[in-house]
$ cat target23.txt   # compact mmCIF, C-alpha atoms and all ligand atoms
# COMPACT_ATOMS: atom_id res chain seq x y z
CA VAL A 1033 79.18 48.63 12.70
CA ALA A 1034 80.79 51.31 10.51
CA ILE A 1035 81.85 49.78 7.21
CA ARG A 1036 84.14 51.47 4.70
CA TYR A 1037 84.00 50.37 1.04
CA THR A 1038 86.97 50.72 -1.32
CA ASP A 1039 87.64 49.56 -4.87
CA SER A 1040 91.42 49.36 -4.58
CA VAL A 1041 93.94 47.11 -2.80
CA GLU A 1042 96.21 50.09 -2.21
CA GLY A 1043 97.20 50.18 1.46
CA ILE A 1044 95.92 46.66 2.08
CA ASP A 1045 98.42 44.17 3.55
CA ALA A 1046 98.08 40.48 4.39
CA GLY A 1047 97.63 41.34 8.08
CA MET A 1048 94.32 42.99 7.24
CA LEU A 1049 93.06 39.79 5.60
CA GLY A 1050 92.14 36.75 7.62
CA GLY A 1051 89.27 34.40 8.32
CA PHE A 1052 88.18 34.11 4.70
CA PHE A 1053 87.73 30.95 2.58
CA GLU A 1054 85.48 29.49 5.26
CA ALA A 1055 84.84 25.76 4.78
CA TRP A 1056 87.47 25.45 2.04
CA LYS A 1057 89.53 22.25 2.19
CA ARG A 1058 92.68 24.27 1.72
CA PRO A 1059 91.91 27.90 2.56
CA ARG A 1060 94.05 30.42 0.71
CA THR A 1061 96.51 32.15 3.03
CA PRO A 1062 96.20 35.92 3.60
CA GLU A 1063 99.26 36.35 1.36
CA GLU A 1064 97.63 34.31 -1.40
CA HIS A 1065 94.41 36.22 -0.87
CA LEU A 1066 96.25 39.51 -1.35
CA ALA A 1067 97.82 38.18 -4.57
CA ILE A 1068 94.36 37.16 -5.85
CA LEU A 1069 93.04 40.65 -5.17
CA LYS A 1070 96.06 42.33 -6.78
CA HIS A 1071 95.70 40.27 -9.96
CA SER A 1072 91.96 40.84 -10.27
CA THR A 1073 90.57 43.34 -12.77
CA ARG A 1074 88.23 44.81 -10.18
CA VAL A 1075 87.84 44.42 -6.44
CA VAL A 1076 85.49 45.88 -3.89
CA LEU A 1077 86.51 45.56 -0.25
CA ALA A 1078 84.50 46.19 2.92
CA SER A 1079 86.52 47.09 6.02
CA ASP A 1080 85.52 47.54 9.63
CA ASP A 1081 86.27 51.21 10.30
CA ASP A 1082 87.13 50.48 13.95
CA THR A 1083 89.71 47.73 13.35
CA GLY A 1084 90.84 48.33 9.75
CA GLN A 1085 90.30 44.62 9.08
CA VAL A 1086 88.80 43.59 5.75
CA VAL A 1087 85.46 41.91 6.57
CA GLY A 1088 84.15 41.31 3.06
CA PHE A 1089 85.33 41.31 -0.53
CA VAL A 1090 84.30 40.59 -4.10
CA ASN A 1091 86.58 40.32 -7.14
CA ALA A 1092 86.08 40.24 -10.90
CA LEU A 1093 88.18 39.18 -13.89
CA SER A 1094 87.24 40.96 -17.10
CA ASP A 1095 88.21 41.95 -20.66
CA GLY A 1096 86.49 45.26 -19.90
CA MET A 1097 84.04 44.93 -22.79
CA GLN A 1098 82.29 41.62 -23.44
CA SER A 1099 82.79 39.42 -20.40
CA ALA A 1100 83.37 39.53 -16.68
CA PHE A 1101 83.54 36.68 -14.22
CA VAL A 1102 82.96 37.15 -10.50
CA PRO A 1103 84.86 34.26 -8.87
CA LEU A 1104 84.69 35.18 -5.19
CA LEU A 1105 82.32 36.96 -2.84
CA GLU A 1106 82.62 36.47 0.89
CA VAL A 1107 81.69 38.26 4.09
CA LEU A 1108 83.20 37.11 7.39
CA PRO A 1109 80.63 35.07 9.36
CA GLU A 1110 80.25 37.59 12.20
CA TYR A 1111 79.45 40.38 9.71
CA ARG A 1112 76.82 38.52 7.66
CA GLY A 1113 73.17 39.51 7.45
CA LEU A 1114 74.03 43.23 7.63
CA GLY A 1115 73.71 43.98 3.92
CA ILE A 1116 77.46 43.98 3.29
CA GLY A 1117 77.36 41.19 0.68
CA THR A 1118 74.58 42.95 -1.20
CA GLU A 1119 76.46 46.26 -1.14
CA LEU A 1120 79.70 44.63 -2.35
CA MET A 1121 77.87 43.04 -5.30
CA ARG A 1122 75.90 46.21 -6.06
CA ARG A 1123 79.13 48.21 -6.21
CA MET A 1124 80.86 45.56 -8.33
CA LEU A 1125 77.99 45.52 -10.85
CA THR A 1126 78.26 49.32 -11.06
CA ARG A 1127 82.01 49.05 -11.69
CA LEU A 1128 81.23 46.56 -14.51
CA THR A 1129 78.53 48.74 -16.11
CA GLY A 1130 80.08 48.71 -19.62
CA VAL A 1131 80.52 44.93 -19.72
CA SER A 1132 77.87 42.94 -21.65
CA ALA A 1133 78.03 39.56 -19.88
CA ILE A 1134 78.66 39.17 -16.15
CA ASP A 1135 78.85 35.56 -14.96
CA LEU A 1136 79.26 33.76 -11.66
CA THR A 1137 78.48 30.35 -10.25
CA CYS A 1138 76.58 29.78 -7.03
CA ASP A 1139 74.56 27.21 -5.14
CA PRO A 1140 70.81 27.18 -5.90
CA SER A 1141 70.10 28.53 -2.39
CA LEU A 1142 71.93 31.75 -3.29
CA GLN A 1143 70.05 32.38 -6.54
CA PRO A 1144 67.48 34.65 -4.83
CA PHE A 1145 70.33 36.73 -3.36
CA TYR A 1146 71.71 37.42 -6.85
CA ALA A 1147 68.24 37.72 -8.44
CA ARG A 1148 67.56 40.69 -6.16
CA LEU A 1149 70.53 42.37 -7.86
CA GLY A 1150 69.03 41.83 -11.31
CA MET A 1151 70.87 38.63 -12.22
CA ALA A 1152 69.23 35.61 -13.87
CA PRO A 1153 69.75 31.86 -13.32
CA SER A 1154 71.82 29.96 -15.85
CA VAL A 1155 73.55 26.62 -16.27
CA GLY A 1156 77.28 26.09 -16.62
CA MET A 1157 80.25 23.75 -16.58
CA ILE A 1158 83.20 23.87 -14.22
CA LEU A 1159 86.53 22.15 -13.62
CA ARG A 1160 88.10 22.17 -10.15
CA LYS A 1161 91.72 21.20 -9.32
CA TYR A 1162 92.43 20.71 -5.64
C1 LIG A 1201 76.65 35.07 0.51
C2 LIG A 1201 77.24 36.12 1.43
C3 LIG A 1201 78.37 36.87 0.72
C4 LIG A 1201 76.14 37.13 1.77
O1 LIG A 1201 76.72 38.16 2.54
P1 LIG A 1201 75.85 39.00 3.58
O2 LIG A 1201 76.63 40.21 3.93
O3 LIG A 1201 75.40 38.14 4.68
O4 LIG A 1201 74.62 39.37 2.64
P2 LIG A 1201 73.47 40.42 2.93
O5 LIG A 1201 73.42 40.75 4.37
O6 LIG A 1201 73.58 41.51 1.96
O7 LIG A 1201 72.23 39.56 2.50
C5 LIG A 1201 71.86 38.49 3.31
C6 LIG A 1201 70.87 37.71 2.52
O8 LIG A 1201 71.55 36.82 1.64
C7 LIG A 1201 70.87 35.62 1.54
N1 LIG A 1201 71.83 34.56 1.85
C8 LIG A 1201 73.05 34.71 2.38
N2 LIG A 1201 73.67 33.54 2.46
C9 LIG A 1201 72.83 32.62 2.00
C10 LIG A 1201 72.91 31.22 1.80
N3 LIG A 1201 74.00 30.52 2.12
N4 LIG A 1201 71.84 30.60 1.29
C11 LIG A 1201 70.74 31.30 0.98
N5 LIG A 1201 70.62 32.62 1.12
C12 LIG A 1201 71.65 33.28 1.62
C13 LIG A 1201 69.73 35.67 2.49
O9 LIG A 1201 68.61 35.99 1.69
C14 LIG A 1201 70.05 36.80 3.40
O10 LIG A 1201 68.87 37.43 3.76
P3 LIG A 1201 68.55 37.66 5.33
O11 LIG A 1201 69.65 38.51 5.87
O12 LIG A 1201 67.24 38.33 5.26
O13 LIG A 1201 68.53 36.28 5.90
C15 LIG A 1201 77.75 35.50 2.77
O14 LIG A 1201 76.71 34.73 3.32
C16 LIG A 1201 78.98 34.62 2.61
O15 LIG A 1201 80.10 35.11 2.63
N6 LIG A 1201 78.77 33.29 2.47
C17 LIG A 1201 79.88 32.34 2.33
C18 LIG A 1201 80.57 32.46 1.00
C19 LIG A 1201 79.61 32.36 -0.15
O16 LIG A 1201 78.73 31.52 -0.18
N7 LIG A 1201 79.78 33.28 -1.13
C20 LIG A 1201 79.00 33.30 -2.33
C21 LIG A 1201 79.70 32.51 -3.39
S1 LIG A 1201 78.66 32.33 -4.83
$ encode --input "target23.txt" --output "structure tokens" --more "lines below"
Ligand SMILES: CC(C)(COP(=O)(O)OP(=O)(O)OC[C@H]1O[C@@H](n2cnc3c(N)ncnc32)[C@H](O)[C@@H]1OP(=O)(O)O)[C@@H](O)C(=O)NCCC(=O)NCCS
Amino acid sequence: VAIRYTDSVEGIDAGMLGGFFEAWKRPRTPEEHLAILKHSTRVVLASDDDTGQVVGFVNALSDGMQSAFVPLLEVLPEYRGLGIGTELMRRMLTRLTGVSAIDLTCDPSLQPFYARLGMAPSVGMILRKY
């Protein structure tokens, strides 16, 4: 599979987004997904070169200096296990090079995935409104 990586939402429309938010009770619509990407400080997108469809993405919210939060990382199920998630995160961490603290939350099973990228386990608090 030929994958193209971009760090801009320019040229992306809702029709190129679909299938994400797997297992969410109320999955965000492609239109909402596009709005999330547009309002993010940084995004990295992975697209299938053959179809133009976005098959993976990661976003970050940041003050550009002290803190960045990485709320969402997802690769479509049929594209997993190919290194796309790792590459998306690697590129995002590069984009956030000047930021001191980069935080995200994840299940314990995913800690090794992020540890391979140089991240360390932590504890946190969250509030969810569904
Ligand atoms: C996590 C995710 C982005 C990884 O994307 P990917 O393109 O498959 O990742 P890579 O191919 O670069 O790396 C795969 C490795 O990630 C690890 N991994 C992926 N998902 C995992 C999970 N749910 N639990 C434990 N390890 C996992 C494995 O070590 C896997 O290694 P393997 O291919 O040797 O089995 C993808 O599985 C996904 O979208 N999951 C659903 C959404 C999600 O959980 N996002 C993370 C939010 S914190």
$ closest_atom_pairs --input "target23.txt" --of "chain A" --to "ligand LIG 1201 (chain A)" --cutoff "6 Å" --atoms "only C-alpha atoms and all ligand atoms" --output "JSON lines"
{"residue": "A:Leu1104", "atom": "CA", "partner": "A:LIG1201", "partner_atom": "C21", "distance": 5.9}
{"residue": "A:Leu1105", "atom": "CA", "partner": "A:LIG1201", "partner_atom": "N7", "distance": 4.8}
{"residue": "A:Glu1106", "atom": "CA", "partner": "A:LIG1201", "partner_atom": "O15", "distance": 3.4}
{"residue": "A:Val1107", "atom": "CA", "partner": "A:LIG1201", "partner_atom": "O15", "distance": 3.8}
{"residue": "A:Arg1112", "atom": "CA", "partner": "A:LIG1201", "partner_atom": "O3", "distance": 3.3}
{"residue": "A:Gly1113", "atom": "CA", "partner": "A:LIG1201", "partner_atom": "O5", "distance": 3.3}
{"residue": "A:Leu1114", "atom": "CA", "partner": "A:LIG1201", "partner_atom": "O5", "distance": 4.1}
{"residue": "A:Gly1115", "atom": "CA", "partner": "A:LIG1201", "partner_atom": "O6", "distance": 3.2}
{"residue": "A:Ile1116", "atom": "CA", "partner": "A:LIG1201", "partner_atom": "O2", "distance": 3.9}
{"residue": "A:Gly1117", "atom": "CA", "partner": "A:LIG1201", "partner_atom": "O2", "distance": 3.5}
{"residue": "A:Thr1118", "atom": "CA", "partner": "A:LIG1201", "partner_atom": "O6", "distance": 3.6}
{"residue": "A:Thr1137", "atom": "CA", "partner": "A:LIG1201", "partner_atom": "S1", "distance": 5.8}
{"residue": "A:Cys1138", "atom": "CA", "partner": "A:LIG1201", "partner_atom": "S1", "distance": 4.0}
{"residue": "A:Ser1141", "atom": "CA", "partner": "A:LIG1201", "partner_atom": "C11", "distance": 4.4}
{"residue": "A:Leu1142", "atom": "CA", "partner": "A:LIG1201", "partner_atom": "C11", "distance": 4.5}
{"residue": "A:Phe1145", "atom": "CA", "partner": "A:LIG1201", "partner_atom": "C7", "distance": 5.1}
$ write_last_selection --input "target23.txt" --atoms "C-alpha atoms" --output "PDB file, keeping the file's coordinate frame"
ATOM      1  CA  LEU A1104      84.690  35.180  -5.190  1.00  0.00           C
ATOM      2  CA  LEU A1105      82.320  36.960  -2.840  1.00  0.00           C
ATOM      3  CA  GLU A1106      82.620  36.470   0.890  1.00  0.00           C
ATOM      4  CA  VAL A1107      81.690  38.260   4.090  1.00  0.00           C
ATOM      5  CA  ARG A1112      76.820  38.520   7.660  1.00  0.00           C
ATOM      6  CA  GLY A1113      73.170  39.510   7.450  1.00  0.00           C
ATOM      7  CA  LEU A1114      74.030  43.230   7.630  1.00  0.00           C
ATOM      8  CA  GLY A1115      73.710  43.980   3.920  1.00  0.00           C
ATOM      9  CA  ILE A1116      77.460  43.980   3.290  1.00  0.00           C
ATOM     10  CA  GLY A1117      77.360  41.190   0.680  1.00  0.00           C
ATOM     11  CA  THR A1118      74.580  42.950  -1.200  1.00  0.00           C
ATOM     12  CA  THR A1137      78.480  30.350 -10.250  1.00  0.00           C
ATOM     13  CA  CYS A1138      76.580  29.780  -7.030  1.00  0.00           C
ATOM     14  CA  SER A1141      70.100  28.530  -2.390  1.00  0.00           C
ATOM     15  CA  LEU A1142      71.930  31.750  -3.290  1.00  0.00           C
ATOM     16  CA  PHE A1145      70.330  36.730  -3.360  1.00  0.00           C
TER      17      PHE A1145
END
$ atom_distance --input "target23.txt" --atom1 "CA of Leu1125 (chain A)" --atom2 "CA of Ser1094 (chain A)"
12.1 Å
$ atom_distance --input "target23.txt" --atom1 "CA of Ala1133 (chain A)" --atom2 "CA of Ala1067 (chain A)"
25.1 Å
$ residues_near_point --input "target23.txt" --point "(76.6, 44.5, -23.1)" --cutoff "12 Å" --atoms "only C-alpha atoms" --output "VMD selection string"
chain A and resid 1096 to 1100 1128 to 1134
$ closest_residue --input "target23.txt" --among "A:Asp1039, A:Glu1054, A:Glu1063, A:Asp1095" --to "Glu1110 (chain A)" --atoms "only C-alpha atoms"
A:Glu1054
$ atom_distance --input "target23.txt" --atom1 "CA of Ala1092 (chain A)" --atom2 "CA of Asp1080 (chain A)"
21.8 Å
$ axis_aligned_box --input "target23.txt" --around "region 1093-1097 of chain A" --padding-each-side "8 Å" --output "JSON"
{"center_x": 86.1, "center_y": 42.2, "center_z": -18.3, "size_x": 20.2, "size_y": 22.1, "size_z": 24.9}
$ closest_residue --input "target23.txt" --among "A:Gln1085, A:Ser1079, A:Thr1126, A:Thr1073" --to "Phe1101 (chain A)" --atoms "only C-alpha atoms"
A:Thr1073
$ closest_residue --input "target23.txt" --among "A:Met1048, A:Thr1083, A:Arg1036, A:Val1041" --to "Leu1069 (chain A)" --atoms "only C-alpha atoms"
A:Val1041
$ closest_residue --input "target23.txt" --among "A:Arg1058, A:Gly1043, A:Met1121, A:Leu1149" --to "Val1075 (chain A)" --atoms "all atoms listed in the file"
A:Met1121
$ closest_residue --input "target23.txt" --among "A:Ile1068, A:Val1090, A:Gly1050, A:Tyr1111" --to "Val1033 (chain A)" --atoms "all atoms listed in the file"
A:Tyr1111
$ closest_residue --input "target23.txt" --among "A:Ile1035, A:Met1157, A:Leu1108, A:Leu1093" --to "Met1124 (chain A)" --atoms "all atoms listed in the file"
A:Leu1093
